[in-house]
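Source file: upload.txt. Holds: compact mmCIF, C-alpha atoms.
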```
# COMPACT_ATOMS: atom_id res chain seq x y z
CA MET A 1 -199.09 -125.62 184.14
CA ASN A 2 -202.44 -125.61 185.95
CA ASN A 3 -204.03 -128.86 186.98
CA LEU A 4 -206.21 -130.08 184.09
CA LYS A 5 -208.48 -133.01 183.42
CA ILE A 6 -208.65 -134.32 179.86
CA ALA A 7 -211.15 -136.91 178.59
CA ILE A 8 -210.68 -139.26 175.64
CA PRO A 9 -213.41 -141.66 174.36
CA VAL A 10 -212.33 -145.32 174.48
CA SER A 11 -214.02 -148.65 173.85
CA SER A 12 -212.48 -150.70 176.66
CA LYS A 13 -211.06 -150.40 180.15
CA ASP A 14 -207.59 -151.44 178.96
CA ASP A 15 -204.75 -149.32 180.23
CA ASN A 16 -203.60 -148.46 176.78
CA SER A 17 -206.62 -148.59 174.54
CA ILE A 18 -206.91 -146.67 171.31
CA MET A 19 -209.20 -143.67 170.97
CA PHE A 20 -212.72 -144.78 169.92
CA GLU A 21 -213.91 -143.32 166.62
CA ARG A 22 -217.17 -142.00 168.08
CA PHE A 23 -217.62 -139.56 170.94
CA GLY A 24 -221.10 -139.85 172.49
CA ARG A 25 -221.42 -143.59 171.85
CA ALA A 26 -218.04 -144.56 173.33
CA SER A 27 -218.41 -147.14 176.11
CA TYR A 28 -215.91 -145.38 178.33
CA PHE A 29 -213.96 -142.20 178.78
CA CYS A 30 -210.34 -142.25 179.86
CA ILE A 31 -209.83 -139.25 182.13
CA PHE A 32 -206.27 -138.07 182.48
CA ASP A 33 -205.31 -135.77 185.33
CA THR A 34 -202.25 -133.57 184.80
CA GLU A 35 -201.83 -133.00 188.52
CA ASP A 36 -200.28 -136.42 189.09
CA ASP A 37 -200.25 -137.88 185.57
CA SER A 38 -202.87 -140.40 186.66
CA SER A 39 -205.70 -141.73 184.58
CA VAL A 40 -209.02 -143.41 185.33
CA VAL A 41 -211.47 -145.06 182.97
CA VAL A 42 -215.13 -144.29 183.63
CA ALA A 43 -218.26 -145.69 181.98
CA ASN A 44 -220.10 -143.32 179.67
CA PRO A 45 -223.73 -143.10 180.89
CA ALA A 46 -224.84 -141.86 177.44
CA VAL A 47 -223.69 -144.94 175.51
CA GLY A 48 -227.19 -146.44 175.28
CA ALA A 49 -229.17 -143.21 174.86
CA ARG A 50 -231.94 -143.38 172.24
CA GLY A 51 -230.89 -140.01 170.96
CA GLY A 52 -228.79 -137.11 172.15
CA ALA A 53 -225.87 -139.28 173.27
CA GLY A 54 -223.39 -136.50 172.44
CA PRO A 55 -224.93 -133.78 174.65
CA ARG A 56 -225.63 -136.30 177.42
CA ALA A 57 -221.96 -137.36 177.38
CA VAL A 58 -220.88 -133.71 177.51
CA GLU A 59 -223.14 -133.11 180.50
CA PHE A 60 -221.49 -136.07 182.23
CA LEU A 61 -217.98 -134.82 181.46
CA SER A 62 -218.91 -131.32 182.57
CA SER A 63 -220.10 -132.72 185.90
CA LYS A 64 -216.69 -134.40 186.25
CA GLN A 65 -214.95 -131.01 185.89
CA ILE A 66 -213.31 -131.94 182.61
CA GLN A 67 -211.64 -128.94 180.95
CA SER A 68 -210.49 -130.53 177.68
CA VAL A 69 -211.38 -133.42 175.41
CA ILE A 70 -209.44 -135.20 172.70
CA VAL A 71 -212.00 -136.46 170.22
CA PRO A 72 -212.63 -138.06 166.83
CA GLN A 73 -215.21 -136.39 164.59
CA LEU A 74 -218.06 -134.68 166.42
CA GLY A 75 -221.71 -134.25 165.55
CA PRO A 76 -223.17 -130.72 165.64
CA ASN A 77 -225.01 -131.31 168.93
CA ALA A 78 -221.93 -132.62 170.75
CA ASP A 79 -219.82 -129.84 169.29
CA GLY A 80 -222.25 -127.13 170.40
CA ALA A 81 -222.61 -128.74 173.81
CA LEU A 82 -218.84 -128.91 174.40
CA ARG A 83 -218.45 -125.27 173.46
CA ALA A 84 -221.37 -124.23 175.69
CA ALA A 85 -219.80 -126.22 178.53
CA GLN A 86 -216.55 -124.32 177.85
CA ILE A 87 -214.63 -127.53 177.30
CA THR A 88 -211.65 -127.17 174.97
CA ILE A 89 -211.73 -129.55 172.01
CA PHE A 90 -208.61 -131.12 170.52
CA GLN A 91 -208.61 -133.17 167.33
CA GLY A 92 -207.44 -136.71 168.08
CA GLU A 93 -206.58 -139.64 165.83
CA SER A 94 -206.70 -143.44 166.18
CA LEU A 95 -203.74 -143.74 168.53
CA PRO A 96 -203.25 -145.20 172.01
CA VAL A 97 -204.38 -142.86 174.76
CA LYS A 98 -200.81 -142.53 176.09
CA ASP A 99 -199.57 -141.34 172.72
CA LEU A 100 -202.39 -138.81 172.44
CA ILE A 101 -201.59 -137.44 175.91
CA ALA A 102 -197.93 -137.18 174.94
CA LYS A 103 -198.85 -135.31 171.78
CA TRP A 104 -201.15 -133.02 173.74
CA LYS A 105 -198.34 -132.25 176.21
CA ASN A 106 -196.05 -131.38 173.31
CA GLU A 107 -198.80 -129.13 171.94
CA GLU A 108 -198.96 -131.22 168.76
CA LEU A 109 -202.77 -131.52 168.72
CA ASN A 110 -204.94 -129.02 166.90
CA LYS A 111 -207.48 -127.10 168.91
CA LEU A 112 -210.90 -127.21 167.20
CA MET B 1 -265.99 -145.11 158.68
CA GLN B 2 -262.25 -144.53 158.83
CA ILE B 3 -260.09 -146.84 156.69
CA THR B 4 -256.31 -146.61 156.83
CA ILE B 5 -253.95 -148.04 154.23
CA VAL B 6 -250.67 -149.32 155.68
CA SER B 7 -247.74 -151.43 154.54
CA GLY B 8 -244.63 -152.75 156.14
CA LYS B 9 -242.22 -152.24 153.31
CA GLY B 10 -242.24 -148.90 151.49
CA GLY B 11 -243.12 -148.78 147.81
CA THR B 12 -245.72 -151.55 147.95
CA GLY B 13 -248.58 -149.36 146.72
CA LYS B 14 -250.22 -147.59 149.66
CA THR B 15 -250.64 -144.32 147.81
CA SER B 16 -251.84 -146.00 144.60
CA LEU B 17 -254.47 -147.90 146.55
CA ALA B 18 -255.50 -144.97 148.77
CA VAL B 19 -256.02 -142.66 145.80
CA SER B 20 -257.78 -145.28 143.66
CA LEU B 21 -260.03 -146.33 146.52
CA ALA B 22 -260.97 -142.75 147.43
CA MET B 23 -261.76 -141.97 143.80
CA THR B 24 -264.29 -144.80 143.59
CA LEU B 25 -266.17 -143.52 146.65
CA GLU B 26 -268.69 -140.71 146.95
CA ASN B 27 -268.52 -137.91 149.47
CA VAL B 28 -265.12 -139.03 150.74
CA GLN B 29 -262.19 -137.45 152.54
CA LEU B 30 -258.69 -138.59 151.64
CA LEU B 31 -255.92 -137.91 154.15
CA ASP B 32 -252.28 -138.26 153.16
CA ALA B 33 -250.59 -138.94 156.50
CA ASP B 34 -247.26 -140.00 154.99
CA VAL B 35 -246.00 -136.61 156.11
CA ASP B 36 -242.32 -137.39 155.51
CA GLU B 37 -243.08 -137.73 151.83
CA PRO B 38 -246.70 -136.92 151.00
CA ASN B 39 -247.40 -137.71 147.36
CA CYS B 40 -251.13 -138.40 146.96
CA SER B 41 -251.48 -134.96 145.40
CA LEU B 42 -249.41 -136.11 142.40
CA PHE B 43 -252.38 -138.27 141.40
CA LEU B 44 -255.10 -135.72 142.15
CA ASP B 45 -256.25 -132.91 139.94
CA LEU B 46 -256.97 -130.30 142.58
CA ASP B 47 -255.37 -127.23 144.10
CA THR B 48 -254.41 -127.29 147.74
CA LYS B 49 -253.89 -124.42 150.15
CA LEU B 50 -252.12 -124.12 153.49
CA VAL B 51 -254.67 -124.32 156.32
CA ALA B 52 -252.58 -124.72 159.49
CA GLU B 53 -249.11 -125.13 160.92
CA ALA B 54 -248.22 -128.24 162.92
CA LYS B 55 -246.44 -127.21 166.10
CA ILE B 56 -244.93 -128.80 169.17
CA PRO B 57 -244.30 -127.04 172.49
CA ILE B 58 -240.64 -126.67 173.42
CA PRO B 59 -239.12 -125.35 176.65
CA GLU B 60 -237.91 -121.81 177.14
CA ILE B 61 -235.81 -121.15 180.23
CA ASN B 62 -236.34 -118.03 182.32
CA TYR B 63 -232.90 -117.33 183.78
CA ASP B 64 -234.34 -114.87 186.31
CA LEU B 65 -235.82 -117.92 188.04
CA CYS B 66 -233.54 -120.82 186.95
CA THR B 67 -231.10 -122.00 189.62
CA LEU B 68 -229.33 -124.47 187.28
CA CYS B 69 -230.42 -127.34 189.51
CA GLY B 70 -230.55 -129.69 186.52
CA THR B 71 -233.86 -131.35 187.39
CA CYS B 72 -235.14 -130.71 183.87
CA SER B 73 -232.12 -132.06 182.00
CA SER B 74 -231.64 -135.15 184.14
CA ASN B 75 -235.29 -136.15 183.66
CA CYS B 76 -235.59 -135.43 179.93
CA GLU B 77 -236.37 -138.74 178.25
CA TYR B 78 -235.14 -137.46 174.90
CA ASN B 79 -231.92 -135.74 176.01
CA ALA B 80 -233.20 -132.46 174.65
CA LEU B 81 -232.00 -130.49 177.66
CA MET B 82 -228.48 -130.28 178.94
CA LYS B 83 -226.98 -128.52 181.89
CA VAL B 84 -223.63 -126.78 181.49
CA PRO B 85 -222.05 -124.65 184.21
CA ASP B 86 -223.81 -121.42 183.31
CA GLN B 87 -226.92 -122.38 181.34
CA ILE B 88 -229.43 -125.03 180.29
CA LEU B 89 -229.06 -125.85 176.61
CA VAL B 90 -232.21 -126.73 174.65
CA PHE B 91 -231.74 -129.02 171.65
CA GLU B 92 -234.93 -128.14 169.82
CA LYS B 93 -234.89 -130.99 167.35
CA MET B 94 -234.46 -133.58 170.08
CA CYS B 95 -237.53 -132.29 171.95
CA HIS B 96 -240.71 -134.36 171.60
CA GLY B 97 -242.82 -131.66 173.24
CA CYS B 98 -243.90 -133.87 176.14
CA GLY B 99 -243.92 -130.91 178.54
CA LEU B 100 -242.43 -132.83 181.48
CA CYS B 101 -239.66 -130.27 182.12
CA SER B 102 -242.04 -127.36 182.56
CA LYS B 103 -244.10 -129.37 185.04
CA ILE B 104 -241.24 -130.63 187.22
CA CYS B 105 -239.12 -127.47 187.32
CA PRO B 106 -239.03 -126.60 191.06
CA GLU B 107 -238.59 -122.89 190.25
CA ASN B 108 -241.29 -122.69 187.57
CA ALA B 109 -238.60 -121.33 185.30
CA ILE B 110 -239.71 -123.18 182.16
CA THR B 111 -242.48 -122.05 179.86
CA GLU B 112 -243.48 -123.87 176.69
CA VAL B 113 -243.35 -122.03 173.40
CA PRO B 114 -244.67 -123.43 170.10
CA ARG B 115 -242.25 -124.48 167.38
CA THR B 116 -243.48 -125.15 163.84
CA ILE B 117 -242.41 -128.55 162.49
CA GLY B 118 -244.81 -129.04 159.59
CA TYR B 119 -247.66 -127.70 157.50
CA LEU B 120 -251.20 -128.91 156.86
CA TYR B 121 -252.92 -128.45 153.49
CA GLU B 122 -256.43 -128.82 152.12
CA GLY B 123 -258.01 -129.11 148.71
CA GLU B 124 -261.54 -129.82 147.58
CA ASN B 125 -263.22 -130.84 144.37
CA LYS B 126 -267.00 -131.15 144.64
CA GLU B 127 -267.57 -133.83 147.27
CA PHE B 128 -263.95 -134.99 147.35
CA LEU B 129 -262.06 -133.50 150.30
CA PHE B 130 -258.31 -133.93 150.48
CA ASN B 131 -255.87 -133.07 153.27
CA TYR B 132 -252.21 -133.73 153.69
CA GLY B 133 -249.48 -132.94 156.14
CA ALA B 134 -245.87 -132.13 155.26
CA LEU B 135 -243.03 -132.35 157.73
CA ILE B 136 -240.49 -129.54 157.26
CA VAL B 137 -237.28 -130.85 155.67
CA GLY B 138 -234.72 -131.53 158.39
CA GLU B 139 -237.34 -132.11 161.08
CA GLU B 140 -237.55 -135.57 162.65
CA LEU B 141 -240.90 -135.87 164.41
CA SER B 142 -243.65 -136.91 162.03
CA THR B 143 -246.03 -138.24 164.70
CA PRO B 144 -247.25 -134.82 166.00
CA VAL B 145 -247.83 -133.66 162.40
CA ILE B 146 -249.97 -136.75 161.82
CA SER B 147 -252.00 -136.26 165.01
CA GLN B 148 -252.64 -132.62 164.09
CA LEU B 149 -253.55 -133.63 160.53
CA LYS B 150 -256.13 -136.04 161.93
CA GLN B 151 -257.84 -133.11 163.67
CA LEU B 152 -258.86 -132.02 160.16
CA ILE B 153 -260.95 -135.18 159.71
CA SER B 154 -264.39 -134.01 158.63
CA LYS B 155 -267.43 -135.06 160.63
CA ASP B 156 -269.57 -134.55 157.55
CA LYS B 157 -267.85 -137.22 155.45
CA PRO B 158 -269.27 -140.73 155.86
CA ILE B 159 -265.99 -142.32 154.78
CA ILE B 160 -262.39 -141.33 155.40
CA VAL B 161 -259.44 -142.96 153.60
CA ILE B 162 -256.01 -142.44 155.14
CA ASP B 163 -252.66 -143.10 153.48
CA SER B 164 -250.23 -144.09 156.26
CA PRO B 165 -246.45 -143.81 156.42
CA PRO B 166 -244.67 -147.15 155.85
CA GLY B 167 -243.27 -149.29 158.64
CA SER B 168 -244.74 -150.26 161.99
CA SER B 169 -243.34 -147.62 164.34
CA CYS B 170 -244.93 -144.59 166.06
CA PRO B 171 -246.04 -142.66 162.92
CA MET B 172 -247.91 -145.72 161.59
CA VAL B 173 -249.44 -146.44 165.02
CA GLU B 174 -250.58 -142.82 165.33
CA THR B 175 -252.17 -143.05 161.88
CA VAL B 176 -254.15 -146.25 162.52
CA ILE B 177 -254.94 -145.87 166.21
CA ASP B 178 -258.50 -144.57 165.76
CA SER B 179 -259.28 -146.27 162.43
CA ASP B 180 -262.19 -148.65 162.07
CA TYR B 181 -260.44 -150.85 159.53
CA VAL B 182 -256.90 -151.21 158.26
CA ILE B 183 -255.91 -152.36 154.77
CA LEU B 184 -252.44 -153.83 154.67
CA VAL B 185 -250.86 -153.59 151.21
CA SER B 186 -248.04 -155.98 150.55
CA GLU B 187 -246.10 -157.38 147.64
CA PRO B 188 -245.57 -161.14 147.41
CA THR B 189 -241.81 -161.06 147.90
CA PRO B 190 -239.78 -162.31 150.87
CA PHE B 191 -238.99 -158.70 151.78
CA GLY B 192 -242.66 -157.67 151.54
CA LEU B 193 -243.76 -160.62 153.66
CA SER B 194 -241.11 -160.07 156.31
CA ASP B 195 -242.12 -156.43 156.83
CA MET B 196 -245.80 -157.32 156.65
CA LYS B 197 -245.45 -159.76 159.54
CA MET B 198 -244.24 -156.92 161.77
CA VAL B 199 -247.28 -154.85 160.83
CA VAL B 200 -249.63 -157.79 161.50
CA LYS B 201 -248.08 -158.13 164.95
CA THR B 202 -248.57 -154.41 165.61
CA LEU B 203 -252.18 -154.38 164.37
CA ARG B 204 -253.01 -157.36 166.58
CA ILE B 205 -251.61 -155.59 169.63
CA LEU B 206 -253.75 -152.58 168.68
CA GLU B 207 -256.74 -154.94 168.23
CA LYS B 208 -257.49 -153.58 164.78
CA LYS B 209 -259.57 -155.33 162.16
CA PHE B 210 -257.57 -155.66 158.97
CA GLY B 211 -257.26 -157.37 155.61
CA VAL B 212 -254.56 -157.67 152.98
CA VAL B 213 -254.33 -156.31 149.45
CA ILE B 214 -251.70 -158.06 147.38
CA ASN B 215 -250.09 -155.65 144.97
CA LYS B 216 -247.74 -156.60 142.12
CA ASP B 217 -249.45 -159.98 142.13
CA GLY B 218 -247.36 -162.32 139.99
CA VAL B 219 -243.90 -161.35 141.18
CA GLY B 220 -242.18 -163.22 143.97
CA ASN B 221 -243.73 -166.40 145.33
CA GLU B 222 -246.74 -167.95 147.08
CA GLU B 223 -245.45 -167.45 150.62
CA LEU B 224 -247.47 -164.32 151.30
CA GLU B 225 -250.79 -165.92 150.42
CA LEU B 226 -249.97 -169.08 152.35
CA TYR B 227 -249.15 -166.93 155.34
CA CYS B 228 -252.49 -165.11 155.07
CA GLN B 229 -254.34 -168.46 154.88
CA LYS B 230 -252.47 -169.81 157.87
CA GLU B 231 -253.10 -166.67 159.93
CA ASN B 232 -256.75 -166.33 158.85
CA ILE B 233 -256.15 -162.92 157.32
CA PRO B 234 -258.60 -162.09 154.51
CA VAL B 235 -257.09 -161.25 151.12
CA LEU B 236 -259.34 -158.40 149.97
CA LEU B 237 -257.95 -157.76 146.51
CA LYS B 238 -255.11 -158.59 144.15
CA ILE B 239 -253.61 -155.98 141.87
CA PRO B 240 -251.62 -157.52 139.02
CA PHE B 241 -247.95 -156.83 138.31
CA ASP B 242 -248.49 -154.94 135.10
CA ARG B 243 -246.25 -152.73 132.99
CA GLU B 244 -249.19 -150.46 132.04
CA ILE B 245 -249.87 -149.73 135.71
CA ALA B 246 -246.25 -148.70 136.24
CA LYS B 247 -246.17 -146.58 133.09
CA ASN B 248 -249.34 -144.72 134.04
CA TYR B 249 -248.18 -144.36 137.64
CA SER B 250 -245.10 -142.52 136.38
CA GLU B 251 -247.47 -140.05 134.70
CA GLY B 252 -249.61 -139.55 137.80
CA ILE B 253 -252.46 -141.84 136.70
CA PRO B 254 -253.61 -144.31 139.38
CA PHE B 255 -254.33 -147.96 138.50
CA LEU B 256 -258.05 -147.31 138.89
CA ASN B 257 -257.92 -145.58 135.52
CA VAL B 258 -255.78 -148.29 133.91
CA LEU B 259 -257.61 -151.52 134.71
CA PRO B 260 -261.30 -151.42 133.69
CA ASP B 261 -262.48 -153.89 136.35
CA MET B 262 -260.86 -152.08 139.29
CA ASP B 263 -263.70 -149.68 139.99
CA SER B 264 -266.14 -152.50 140.75
CA LYS B 265 -263.50 -154.56 142.57
CA LEU B 266 -262.72 -151.67 144.90
CA LYS B 267 -266.43 -151.05 145.52
CA HIS B 268 -266.87 -154.72 146.33
CA MET B 269 -263.91 -154.51 148.70
CA ILE B 270 -265.66 -151.72 150.62
CA VAL B 271 -268.79 -153.89 150.87
CA ASP B 272 -266.67 -156.73 152.26
CA ILE B 273 -265.07 -154.36 154.77
CA ARG B 274 -268.46 -153.07 155.91
CA GLU B 275 -269.56 -156.67 156.44
CA ALA B 276 -266.42 -157.47 158.41
CA LEU B 277 -267.14 -154.53 160.68
CA GLN B 278 -270.68 -155.63 161.49
```

Once more with this new file: its structure as structure tokens, please.
Amino acid sequence: MNNLKIAIPVSSKDDNSIMFERFGRASYFCIFDTEDDSSVVVANPAVGARGGAGPRAVEFLSSKQIQSVIVPQLGPNADGALRAAQITIFQGESLPVKDLIAKWKNEELNKL
Amino acid sequence: MQITIVSGKGGTGKTSLAVSLAMTLENVQLLDADVDEPNCSLFLDLDTKLVAEAKIPIPEINYDLCTLCGTCSSNCEYNALMKVPDQILVFEKMCHGCGLCSKICPENAITEVPRTIGYLYEGENKEFLFNYGALIVGEELSTPVISQLKQLISKDKPIIVIDSPPGSSCPMVETVIDSDYVILVSEPTPFGLSDMKMVVKTLRILEKKFGVVINKDGVGNEELELYCQKENIPVLLKIPFDREIAKNYSEGIPFLNVLPDMDSKLKHMIVDIREALQ
């Protein structure tokens, strides 16, 4: 498998937080790297945006060379932005990040 | 003289008052600037026609020149531009038309193209001129529609009455900003008073002269009037809480035509306002 970076919106820096139910307004993104199975949690610069938090978050993730995201529901702007940025979208659910990564590895997540 | 009718809370009677007031005046222009939901025309017996489109300029990227440097997207205050690896996305509905991107693009790759967000209408009956703006359903920016509606203000009319959107945010500020006098309609309820206080604060920052009309007088409590006394805000008029007013309103008849003494009361109010402005 090629080296991939996957981002998941989370609300805290905890090692094993649960996916946040909103994408653009999440406080942090957990970025998982398949190269060495490592993960880092980074602050989402779009969290306080007056409007357009979704696209702004996508721009940030795109700049971090993210290839895939595991997300809750998406607004139309975020959805369009992710597709334009050629980031693959997987439907997540309210589970710990580790479990979502495991499901993604087992190809149990639906591609949107 | 430009008089604008505002309120904090919605549904306090701005439109009722604006229409009734305009009808008592001669050679008047009435402007319905509540462009999210213009409804003065429901009370007026005149035909209106489309006279202009309200537009804002939005960016168009010329990819022969664009180097995808991202200067435009990283400086957009409204997050209307976004850089992805092979293009700059424009989110039209997020764009406020400020034009910054086209000015700061180092490659001159951005031109501004107009996008229609609303329509402006006009109707006339003898000396009564009426204009209103209507934001297109699904659009979010009412302020530019209001500013373009105000360009239709007639220089030939000695008095202009403007019906403002509710609240105290940008659309209301845009509506009152060049008015000579502001009438604040409120209802004597805790909710009405709470929202009114925000408008008073805004009008004071804008250094506007204003007075209060108490609508639905008789409901709620005394707090509103006590507040006006304490703050030295003149109470210009009281409109009673009256079932007949509501019944006629539902049939498109303003309170002016329901209460026999209202015509002279409204005319007196204008005299008081003229005095306050001297």

Have a look at B:Pro254, B:Pro234, B:Pro106, B:Gly70 and name the one nearest to B:Ile214; count only C-alpha atoms.
->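 The answer is B:Pro234, which sits nearest to B:Ile214.
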
Could you please select, counting all atoms listed in the file, the residues of chain A within 10 Å of chain B and state them as a list in words?
-> Ala46, Ala49, Arg50, Gly51, Gly52, Ala53, Gly54, Pro55, Arg56, Ala57, Val58, Glu59, Phe60, Leu61, Ser62, Ser63, Gln65, Asn77, Gly80, Ala81, Leu82, Arg83, Ala84, Ala85, Gln86 and Ile87 of chain A

Writing out the chosen residues with C-alpha atoms as a compact mmCIF listing (two decimals), in the frame of the given file:
```txt
# COMPACT_ATOMS: atom_id res chain seq x y z
CA ALA A 46 -224.84 -141.86 177.44
CA ALA A 49 -229.17 -143.21 174.86
CA ARG A 50 -231.94 -143.38 172.24
CA GLY A 51 -230.89 -140.01 170.96
CA GLY A 52 -228.79 -137.11 172.15
CA ALA A 53 -225.87 -139.28 173.27
CA GLY A 54 -223.39 -136.50 172.44
CA PRO A 55 -224.93 -133.78 174.65
CA ARG A 56 -225.63 -136.30 177.42
CA ALA A 57 -221.96 -137.36 177.38
CA VAL A 58 -220.88 -133.71 177.51
CA GLU A 59 -223.14 -133.11 180.50
CA PHE A 60 -221.49 -136.07 182.23
CA LEU A 61 -217.98 -134.82 181.46
CA SER A 62 -218.91 -131.32 182.57
CA SER A 63 -220.10 -132.72 185.90
CA GLN A 65 -214.95 -131.01 185.89
CA ASN A 77 -225.01 -131.31 168.93
CA GLY A 80 -222.25 -127.13 170.40
CA ALA A 81 -222.61 -128.74 173.81
CA LEU A 82 -218.84 -128.91 174.40
CA ARG A 83 -218.45 -125.27 173.46
CA ALA A 84 -221.37 -124.23 175.69
CA ALA A 85 -219.80 -126.22 178.53
CA GLN A 86 -216.55 -124.32 177.85
CA ILE A 87 -214.63 -127.53 177.30
```

What gap, in Å, lies between atom CA of B:Ile205 and atom CA of B:Pro166?
->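 Atom CA of B:Ile205 sits 17.6 Å away from atom CA of B:Pro166.
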
Which residues come within 12 Å of A:Ile101, counting all atoms listed in the file, excluding same-chain residues fewer than 6 positions away, as a ChimeraX atom specification?
-> /A:4-8,16,18-19,30-34,37-39,68-71,90-93,95,107-109

Using only C-alpha atoms, which residue out of B:Leu266, B:Ile160, B:Cys69, B:Leu141 lies closest to B:Val28?
->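 That would be B:Ile160, the residue with the smallest distance to B:Val28.
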
In file coordinates, which residues lie within 9 Å of (-243.1, -154.4, 148.8) using all atoms listed in the file, given as a PDB file with C-alpha atoms, in the coordinates of the input?
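The result, stored in out-v1.pdb:
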```pdb
ATOM      1  CA  SER B   7    -247.740-151.430 154.540  1.00  0.00           C
ATOM      2  CA  GLY B   8    -244.630-152.750 156.140  1.00  0.00           C
ATOM      3  CA  LYS B   9    -242.220-152.240 153.310  1.00  0.00           C
ATOM      4  CA  GLY B  10    -242.240-148.900 151.490  1.00  0.00           C
ATOM      5  CA  GLY B  11    -243.120-148.780 147.810  1.00  0.00           C
ATOM      6  CA  THR B  12    -245.720-151.550 147.950  1.00  0.00           C
ATOM      7  CA  GLY B  13    -248.580-149.360 146.720  1.00  0.00           C
ATOM      8  CA  VAL B 185    -250.860-153.590 151.210  1.00  0.00           C
ATOM      9  CA  SER B 186    -248.040-155.980 150.550  1.00  0.00           C
ATOM     10  CA  GLU B 187    -246.100-157.380 147.640  1.00  0.00           C
ATOM     11  CA  PRO B 188    -245.570-161.140 147.410  1.00  0.00           C
ATOM     12  CA  THR B 189    -241.810-161.060 147.900  1.00  0.00           C
ATOM     13  CA  PRO B 190    -239.780-162.310 150.870  1.00  0.00           C
ATOM     14  CA  PHE B 191    -238.990-158.700 151.780  1.00  0.00           C
ATOM     15  CA  GLY B 192    -242.660-157.670 151.540  1.00  0.00           C
ATOM     16  CA  LEU B 193    -243.760-160.620 153.660  1.00  0.00           C
ATOM     17  CA  ASP B 195    -242.120-156.430 156.830  1.00  0.00           C
ATOM     18  CA  MET B 196    -245.800-157.320 156.650  1.00  0.00           C
ATOM     19  CA  ASN B 215    -250.090-155.650 144.970  1.00  0.00           C
ATOM     20  CA  LYS B 216    -247.740-156.600 142.120  1.00  0.00           C
TER      21      LYS B 216
END
```

Which distance in Å separates atom CA of B:Gly167 and atom CA of B:Gln148, to one decimal?
->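 Atom-to-atom, atom CA of B:Gly167 to atom CA of B:Gln148, that is 19.9 Å.
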
Point-to-point distance from atom CA of B:Asp263 to atom CA of B:Lys155, Å rounded to tenths |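 It comes out at 25.6 Å.
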
Tell me, as an MDAnalysis selection string, which residues lie within 9 Å of stretch 110-123 of chain B, counting only C-alpha atoms; anything in the same chain fewer than 5 positions away does not count.
-> chainID B and resid 35 46:62 65:66 72 92 97 99 101:103 105 128:137 139:142 144:145 148:149 152
